[in-house]
>>> print(open('start_21.txt').read())   # compact mmCIF, C-alpha atoms and all ligand atoms
# COMPACT_ATOMS: atom_id res chain seq x y z
CA MET E 1 53.40 -16.21 -21.45
CA ALA E 2 56.79 -17.68 -22.08
CA GLN E 3 59.55 -17.09 -24.55
CA LEU E 4 60.44 -20.08 -26.69
CA ASN E 5 63.75 -21.26 -28.13
CA VAL E 6 64.02 -20.62 -31.91
CA LEU E 7 65.69 -23.43 -33.90
CA ILE E 8 68.55 -22.38 -36.19
CA ALA E 9 69.26 -23.91 -39.63
CA PRO E 10 70.33 -26.57 -40.51
CA ASP E 11 68.42 -28.09 -37.54
CA PRO E 12 66.64 -31.19 -38.94
CA ARG E 13 63.46 -30.32 -37.01
CA LEU E 14 63.01 -27.37 -39.41
CA LYS E 15 62.30 -29.95 -42.15
CA ILE E 16 59.30 -31.52 -40.39
CA VAL E 17 55.90 -31.12 -42.09
CA ALA E 18 53.63 -29.89 -39.28
CA LYS E 19 50.28 -31.47 -38.43
CA PRO E 20 46.94 -29.61 -38.53
CA VAL E 21 45.30 -28.64 -35.23
CA SER E 22 41.85 -30.12 -34.67
CA SER E 23 40.53 -26.86 -33.22
CA VAL E 24 41.86 -23.67 -31.67
CA ASP E 25 41.46 -24.26 -27.94
CA ASP E 26 43.20 -22.80 -24.87
CA SER E 27 46.34 -24.86 -25.45
CA VAL E 28 46.65 -23.61 -29.05
CA ARG E 29 45.95 -20.02 -27.92
CA LYS E 30 48.76 -20.34 -25.36
CA ILE E 31 51.16 -21.52 -28.09
CA MET E 32 50.10 -18.55 -30.27
CA ASP E 33 50.73 -16.09 -27.41
CA ASP E 34 54.11 -17.63 -26.52
CA MET E 35 55.10 -17.56 -30.20
CA LEU E 36 54.14 -13.88 -30.49
CA GLU E 37 56.10 -13.00 -27.38
CA THR E 38 59.12 -14.82 -28.83
CA MET E 39 58.70 -13.14 -32.23
CA TYR E 40 58.50 -9.62 -30.74
CA ALA E 41 61.46 -10.31 -28.42
CA GLU E 42 63.58 -11.40 -31.39
CA ASP E 43 62.41 -8.56 -33.67
CA GLY E 44 60.83 -10.87 -36.22
CA ALA E 45 57.84 -10.15 -38.45
CA GLY E 46 56.61 -13.73 -38.35
CA LEU E 47 57.13 -17.08 -36.68
CA ALA E 48 55.94 -20.62 -37.43
CA ALA E 49 55.43 -23.31 -34.76
CA THR E 50 57.97 -25.50 -36.61
CA GLN E 51 60.65 -22.93 -35.73
CA VAL E 52 60.08 -23.45 -32.00
CA GLY E 53 59.95 -27.25 -32.29
CA ILE E 54 56.15 -27.51 -32.09
CA ASP E 55 54.67 -29.92 -34.63
CA LYS E 56 51.42 -27.99 -35.31
CA ARG E 57 50.22 -25.83 -38.19
CA ILE E 58 50.28 -22.50 -36.34
CA ILE E 59 51.82 -19.21 -37.50
CA VAL E 60 51.92 -15.69 -36.05
CA MET E 61 52.84 -12.43 -37.76
CA ASP E 62 52.94 -8.69 -37.32
CA VAL E 63 54.03 -6.81 -40.42
CA VAL E 64 53.43 -3.27 -39.14
CA TRP E 65 54.90 -3.48 -35.66
CA ASP E 66 57.98 -1.49 -34.89
CA GLU E 67 59.35 -0.17 -31.63
CA GLY E 68 56.80 2.35 -30.36
CA SER E 69 54.01 1.58 -32.84
CA LYS E 70 50.81 -0.25 -31.99
CA ARG E 71 50.95 -4.02 -32.34
CA ALA E 72 48.76 -5.65 -35.00
CA PRO E 73 49.31 -9.39 -34.60
CA PHE E 74 47.87 -12.10 -36.82
CA LYS E 75 47.40 -15.55 -35.33
CA MET E 76 46.55 -18.36 -37.75
CA ALA E 77 46.00 -22.08 -37.37
CA ASN E 78 45.87 -24.45 -40.37
CA PRO E 79 46.55 -21.63 -42.88
CA GLU E 80 45.94 -22.65 -46.49
CA ILE E 81 46.52 -20.67 -49.65
CA LEU E 82 43.37 -20.91 -51.77
CA TRP E 83 44.52 -18.72 -54.62
CA CYS E 84 47.60 -16.79 -55.67
CA SER E 85 48.18 -14.21 -58.38
CA GLU E 86 50.24 -14.87 -61.50
CA GLU E 87 51.89 -11.55 -60.85
CA THR E 88 54.95 -11.95 -58.67
CA SER E 89 57.17 -9.63 -56.67
CA ILE E 90 60.62 -9.91 -55.18
CA HIS E 91 61.31 -9.17 -51.52
CA ASN E 92 64.45 -9.23 -49.47
CA GLU E 93 63.51 -11.82 -46.83
CA GLY E 94 65.03 -12.68 -43.50
CA CYS E 95 64.23 -15.45 -41.02
CA LEU E 96 64.78 -15.95 -37.28
CA SER E 97 66.03 -19.48 -38.08
CA VAL E 98 68.64 -18.02 -40.47
CA PRO E 99 69.93 -15.19 -38.26
CA GLY E 100 71.94 -12.32 -39.69
CA GLN E 101 71.23 -13.30 -43.32
CA ARG E 102 68.85 -11.95 -45.96
CA GLY E 103 68.02 -12.93 -49.52
CA GLU E 104 65.69 -12.08 -52.38
CA VAL E 105 62.77 -14.41 -53.01
CA GLU E 106 60.19 -14.15 -55.78
CA ARG E 107 56.63 -15.05 -54.77
CA PRO E 108 53.07 -14.37 -55.96
CA SER E 109 52.17 -10.74 -55.10
CA LYS E 110 48.61 -11.44 -53.96
CA ILE E 111 47.04 -14.43 -52.23
CA LYS E 112 43.77 -15.59 -50.75
CA VAL E 113 44.27 -17.47 -47.48
CA ARG E 114 41.92 -19.52 -45.28
CA TYR E 115 42.70 -20.17 -41.62
CA LEU E 116 41.29 -20.55 -38.11
CA ASP E 117 41.75 -17.44 -35.98
CA GLU E 118 42.33 -17.44 -32.22
CA LYS E 119 38.56 -17.79 -31.63
CA ASN E 120 38.46 -20.91 -33.83
CA THR E 121 36.53 -18.97 -36.51
CA LEU E 122 37.20 -19.97 -40.10
CA ILE E 123 38.39 -16.84 -41.95
CA GLU E 124 39.05 -16.20 -45.62
CA ARG E 125 40.93 -13.06 -46.58
CA ASP E 126 43.01 -11.54 -49.33
CA ALA E 127 46.53 -10.37 -48.64
CA ASP E 128 49.14 -8.45 -50.57
CA GLY E 129 52.38 -6.60 -49.82
CA MET E 130 54.39 -7.65 -46.78
CA LEU E 131 51.50 -9.65 -45.32
CA ALA E 132 51.31 -11.84 -48.45
CA VAL E 133 55.09 -12.39 -48.34
CA CYS E 134 55.01 -13.23 -44.66
CA ILE E 135 52.08 -15.69 -44.87
CA GLN E 136 53.79 -17.57 -47.72
CA HIS E 137 57.14 -17.63 -45.88
CA GLU E 138 55.52 -18.95 -42.67
CA ILE E 139 53.40 -21.59 -44.47
CA ASP E 140 56.62 -22.78 -46.13
CA HIS E 141 58.02 -23.35 -42.60
CA LEU E 142 55.00 -25.54 -41.78
CA ASN E 143 55.89 -27.58 -44.86
CA GLY E 144 59.51 -27.94 -43.74
CA LYS E 145 60.83 -25.36 -46.16
CA LEU E 146 63.13 -22.38 -45.56
CA TYR E 147 63.43 -19.37 -47.86
CA ILE E 148 67.05 -20.35 -48.59
CA ASP E 149 65.71 -23.59 -50.14
CA TYR E 150 64.75 -21.40 -53.15
CA PHE E 151 68.45 -20.63 -53.70
CA SER E 152 71.08 -22.64 -55.59
CA PRO E 153 72.91 -25.34 -53.56
CA LEU E 154 76.07 -23.21 -53.70
CA LYS E 155 74.36 -20.11 -52.33
CA GLN E 156 72.74 -22.23 -49.59
CA GLN E 157 76.13 -23.65 -48.63
CA ILE E 158 77.60 -20.15 -48.34
CA ILE E 159 74.75 -18.99 -46.10
CA LEU E 160 74.91 -22.10 -43.88
CA ARG E 161 78.67 -21.66 -43.52
CA LYS E 162 78.15 -18.04 -42.43
CA LEU E 163 75.49 -19.24 -39.96
CA LYS E 164 77.91 -21.70 -38.40
CA LYS E 165 80.34 -18.85 -37.82
CA TYR E 166 77.51 -16.69 -36.47
CA LYS E 167 76.52 -19.46 -34.05
CA SER E 168 80.01 -19.90 -32.72
CA TYR E 169 80.20 -16.16 -31.95
CA ALA E 170 76.72 -16.03 -30.39
NI NI I 1 61.30 -17.73 -41.32
>>> encode(input="start_21.txt", output="structure tokens")
Amino acid sequence: MAQLNVLIAPDPRLKIVAKPVSSVDDSVRKIMDDMLETMYAEDGAGLAATQVGIDKRIIVMDVVWDEGSKRAPFKMANPEILWCSEETSIHNEGCLSVPGQRGEVERPSKIKVRYLDEKNTLIERDADGMLAVCIQHEIDHLNGKLYIDYFSPLKQQIILRKLKKYKSYA
């Protein structure tokens, strides 16, 4: 396994719409494992391939993991939202590509998602709570969208300016 370099906004590669994988083979499984290692190392709850400069529809998540607790990773290829609830909820989101910043985003509370798991099995499952938030946030990445894109241009400018400062101190 290898740790990957996470792209930071406003990197233009974060705007690329990722391509579907034809099947989950050893090379895709390796990407999933490297992405998970990177996500855990950077204390993230989710990571999309777009964020590490890989043009494939792959996301990984772990919404229960914390230092000392058992890991419960999700690995998904070609994730697709089949249904979402009219009911919405607001969460304070963060993103490894927008380090040090957080912001409230309103999204559907419940979703049904279809994806290929690491064994190339087609899975359909319902998700709510943090998992639903995370899946929607990561699928947005695969479509070239960041959570700050939901904010007003002014608020985005303020965040990007803070990021620039953050980067120069890093
Ligand atoms: Ni993110």
>>> closest_residue(input="start_21.txt", among="E:Ala77, E:Ile123, E:Cys84, E:Val17", to="Gln136 in chain E", atoms="all atoms listed in the file")
E:Cys84
>>> residues_near_ligand(input="start_21.txt", ligand="ligand NI 1 (chain I)", cutoff="10 Å", atoms="only C-alpha atoms and all ligand atoms", output="list in words")
Leu14, Gly44, Ala45, Gly46, Leu47, Ala48, Thr50, Gln51, Glu93, Gly94, Cys95, Leu96, Ser97, Val98, Pro99, Cys134, Gln136, His137, Glu138, Ile139, Asp140, His141, Lys145, Leu146, Tyr147 and Ile148 of chain E
>>> residues_around(input="start_21.txt", residues="Gln3 in chain E", least_positions_apart="3", cutoff="9 Å", atoms="all atoms listed in the file", output="ChimeraX atom specification")
/E:34-39,41
>>> atom_distance(input="start_21.txt", atom1="CA of Ala127 in chain E", atom2="CA of Asp55 in chain E")
25.4 Å
>>> atom_distance(input="start_21.txt", atom1="CA of Pro108 in chain E", atom2="CA of Ile135 in chain E")
11.2 Å
>>> residues_near_point(input="start_21.txt", point="(64.1, -8.9, -51.4)", cutoff="8 Å", atoms="all atoms listed in the file", output="number ranges by chain")
E: 90-93, 102-106
>>> write_last_selection(input="start_21.txt", atoms="C-alpha atoms", output="PDB file, keeping the file's coordinate frame")
ATOM      1  CA  ILE E  90      60.620  -9.910 -55.180  1.00  0.00           C
ATOM      2  CA  HIS E  91      61.310  -9.170 -51.520  1.00  0.00           C
ATOM      3  CA  ASN E  92      64.450  -9.230 -49.470  1.00  0.00           C
ATOM      4  CA  GLU E  93      63.510 -11.820 -46.830  1.00  0.00           C
ATOM      5  CA  ARG E 102      68.850 -11.950 -45.960  1.00  0.00           C
ATOM      6  CA  GLY E 103      68.020 -12.930 -49.520  1.00  0.00           C
ATOM      7  CA  GLU E 104      65.690 -12.080 -52.380  1.00  0.00           C
ATOM      8  CA  VAL E 105      62.770 -14.410 -53.010  1.00  0.00           C
ATOM      9  CA  GLU E 106      60.190 -14.150 -55.780  1.00  0.00           C
TER      10      GLU E 106
END
>>> atom_distance(input="start_21.txt", atom1="CA of Lys112 in chain E", atom2="CA of Pro20 in chain E")
18.9 Å
>>> closest_residue(input="start_21.txt", among="E:Asp149, E:Asp11, E:Glu86, E:Glu80", to="Arg125 in chain E", atoms="all atoms listed in the file")
E:Glu80
>>> residues_near_point(input="start_21.txt", point="(48.6, -28.4, -37.3)", cutoff="7 Å", atoms="all atoms listed in the file", output="PDB file with C-alpha atoms, in the frame of the given file")
ATOM      1  CA  ALA E  18      53.630 -29.890 -39.280  1.00  0.00           C
ATOM      2  CA  LYS E  19      50.280 -31.470 -38.430  1.00  0.00           C
ATOM      3  CA  PRO E  20      46.940 -29.610 -38.530  1.00  0.00           C
ATOM      4  CA  VAL E  21      45.300 -28.640 -35.230  1.00  0.00           C
ATOM      5  CA  ASP E  55      54.670 -29.920 -34.630  1.00  0.00           C
ATOM      6  CA  LYS E  56      51.420 -27.990 -35.310  1.00  0.00           C
ATOM      7  CA  ARG E  57      50.220 -25.830 -38.190  1.00  0.00           C
ATOM      8  CA  ILE E  58      50.280 -22.500 -36.340  1.00  0.00           C
ATOM      9  CA  ALA E  77      46.000 -22.080 -37.370  1.00  0.00           C
ATOM     10  CA  ASN E  78      45.870 -24.450 -40.370  1.00  0.00           C
TER      11      ASN E  78
END
>>> closest_residue(input="start_21.txt", among="E:Ile54, E:Ile159, E:Leu154, E:Leu82", to="Tyr115 in chain E", atoms="only C-alpha atoms")
E:Leu82
>>> build_atoms(input="start_21.txt", residues="range 27-60 of chain E", atoms="N, CA and C atoms", output="mmCIF file, keeping the file's coordinate frame")
data_model
loop_
_atom_site.group_PDB
_atom_site.id
_atom_site.type_symbol
_atom_site.label_atom_id
_atom_site.label_comp_id
_atom_site.auth_asym_id
_atom_site.auth_seq_id
_atom_site.Cartn_x
_atom_site.Cartn_y
_atom_site.Cartn_z
ATOM 1 N N SER E 27 44.931 -24.459 -25.318
ATOM 2 C CA SER E 27 46.340 -24.860 -25.450
ATOM 3 C C SER E 27 46.940 -24.269 -26.732
ATOM 4 N N VAL E 28 46.164 -24.218 -27.804
ATOM 5 C CA VAL E 28 46.650 -23.610 -29.050
ATOM 6 C C VAL E 28 46.816 -22.097 -28.864
ATOM 7 N N ARG E 29 45.840 -21.474 -28.177
ATOM 8 C CA ARG E 29 45.950 -20.020 -27.920
ATOM 9 C C ARG E 29 47.197 -19.701 -27.109
ATOM 10 N N LYS E 30 47.556 -20.559 -26.164
ATOM 11 C CA LYS E 30 48.760 -20.340 -25.360
ATOM 12 C C LYS E 30 50.007 -20.411 -26.245
ATOM 13 N N ILE E 31 50.019 -21.400 -27.162
ATOM 14 C CA ILE E 31 51.160 -21.520 -28.090
ATOM 15 C C ILE E 31 51.259 -20.250 -28.939
ATOM 16 N N MET E 32 50.096 -19.772 -29.453
ATOM 17 C CA MET E 32 50.100 -18.550 -30.270
ATOM 18 C C MET E 32 50.677 -17.368 -29.490
ATOM 19 N N ASP E 33 50.262 -17.217 -28.229
ATOM 20 C CA ASP E 33 50.730 -16.090 -27.410
ATOM 21 C C ASP E 33 52.232 -16.206 -27.110
ATOM 22 N N ASP E 34 52.675 -17.415 -26.796
ATOM 23 C CA ASP E 34 54.110 -17.630 -26.520
ATOM 24 C C ASP E 34 54.932 -17.364 -27.793
ATOM 25 N N MET E 35 54.395 -17.791 -28.934
ATOM 26 C CA MET E 35 55.100 -17.560 -30.200
ATOM 27 C C MET E 35 55.201 -16.067 -30.498
ATOM 28 N N LEU E 36 54.112 -15.335 -30.252
ATOM 29 C CA LEU E 36 54.140 -13.880 -30.490
ATOM 30 C C LEU E 36 55.152 -13.206 -29.577
ATOM 31 N N GLU E 37 55.155 -13.599 -28.318
ATOM 32 C CA GLU E 37 56.100 -13.000 -27.380
ATOM 33 C C GLU E 37 57.540 -13.243 -27.854
ATOM 34 N N THR E 38 57.795 -14.465 -28.325
ATOM 35 C CA THR E 38 59.120 -14.820 -28.830
ATOM 36 C C THR E 38 59.466 -13.996 -30.073
ATOM 37 N N MET E 39 58.491 -13.881 -30.979
ATOM 38 C CA MET E 39 58.700 -13.140 -32.230
ATOM 39 C C MET E 39 59.027 -11.669 -31.948
ATOM 40 N N TYR E 40 58.253 -11.035 -31.061
ATOM 41 C CA TYR E 40 58.500 -9.620 -30.740
ATOM 42 C C TYR E 40 59.865 -9.470 -30.050
ATOM 43 N N ALA E 41 60.196 -10.404 -29.149
ATOM 44 C CA ALA E 41 61.460 -10.310 -28.420
ATOM 45 C C ALA E 41 62.656 -10.415 -29.375
ATOM 46 N N GLU E 42 62.471 -11.181 -30.453
ATOM 47 C CA GLU E 42 63.580 -11.400 -31.390
ATOM 48 C C GLU E 42 63.497 -10.481 -32.606
ATOM 49 N N ASP E 43 62.553 -9.522 -32.582
ATOM 50 C CA ASP E 43 62.410 -8.560 -33.670
ATOM 51 C C ASP E 43 62.077 -9.200 -35.011
ATOM 52 N N GLY E 44 61.260 -10.239 -34.974
ATOM 53 C CA GLY E 44 60.830 -10.870 -36.220
ATOM 54 C C GLY E 44 59.481 -10.332 -36.650
ATOM 55 N N ALA E 45 59.152 -10.543 -37.937
ATOM 56 C CA ALA E 45 57.840 -10.150 -38.450
ATOM 57 C C ALA E 45 56.887 -11.337 -38.483
ATOM 58 N N GLY E 46 57.442 -12.539 -38.328
ATOM 59 C CA GLY E 46 56.610 -13.730 -38.350
ATOM 60 C C GLY E 46 57.326 -14.902 -37.720
ATOM 61 N N LEU E 47 56.540 -15.888 -37.278
ATOM 62 C CA LEU E 47 57.130 -17.080 -36.680
ATOM 63 C C LEU E 47 56.166 -18.249 -36.900
ATOM 64 N N ALA E 48 56.737 -19.405 -37.259
ATOM 65 C CA ALA E 48 55.940 -20.620 -37.430
ATOM 66 C C ALA E 48 56.254 -21.579 -36.293
ATOM 67 N N ALA E 49 55.250 -22.379 -35.892
ATOM 68 C CA ALA E 49 55.430 -23.310 -34.760
ATOM 69 C C ALA E 49 56.620 -24.244 -34.995
ATOM 70 N N THR E 50 56.829 -24.636 -36.256
ATOM 71 C CA THR E 50 57.970 -25.500 -36.610
ATOM 72 C C THR E 50 59.282 -24.914 -36.092
ATOM 73 N N GLN E 51 59.399 -23.587 -36.125
ATOM 74 C CA GLN E 51 60.650 -22.930 -35.730
ATOM 75 C C GLN E 51 60.917 -23.007 -34.224
ATOM 76 N N VAL E 52 59.881 -23.305 -33.441
ATOM 77 C CA VAL E 52 60.080 -23.450 -32.000
ATOM 78 C C VAL E 52 59.871 -24.910 -31.589
ATOM 79 N N GLY E 53 59.994 -25.815 -32.572
ATOM 80 C CA GLY E 53 59.950 -27.250 -32.290
ATOM 81 C C GLY E 53 58.574 -27.779 -31.948
ATOM 82 N N ILE E 54 57.526 -27.055 -32.348
ATOM 83 C CA ILE E 54 56.150 -27.510 -32.090
ATOM 84 C C ILE E 54 55.550 -27.990 -33.411
ATOM 85 N N ASP E 55 55.107 -29.259 -33.405
ATOM 86 C CA ASP E 55 54.670 -29.920 -34.630
ATOM 87 C C ASP E 55 53.180 -29.644 -34.899
ATOM 88 N N LYS E 56 52.824 -28.368 -35.049
ATOM 89 C CA LYS E 56 51.420 -27.990 -35.310
ATOM 90 C C LYS E 56 51.399 -26.870 -36.341
ATOM 91 N N ARG E 57 50.315 -26.847 -37.141
ATOM 92 C CA ARG E 57 50.220 -25.830 -38.190
ATOM 93 C C ARG E 57 49.697 -24.510 -37.594
ATOM 94 N N ILE E 58 50.605 -23.783 -36.974
ATOM 95 C CA ILE E 58 50.280 -22.500 -36.340
ATOM 96 C C ILE E 58 51.331 -21.483 -36.769
ATOM 97 N N ILE E 59 50.875 -20.288 -37.182
ATOM 98 C CA ILE E 59 51.820 -19.210 -37.500
ATOM 99 C C ILE E 59 51.329 -17.912 -36.852
ATOM 100 N N VAL E 60 52.267 -17.029 -36.549
ATOM 101 C CA VAL E 60 51.920 -15.690 -36.050
ATOM 102 C C VAL E 60 52.740 -14.670 -36.830
#
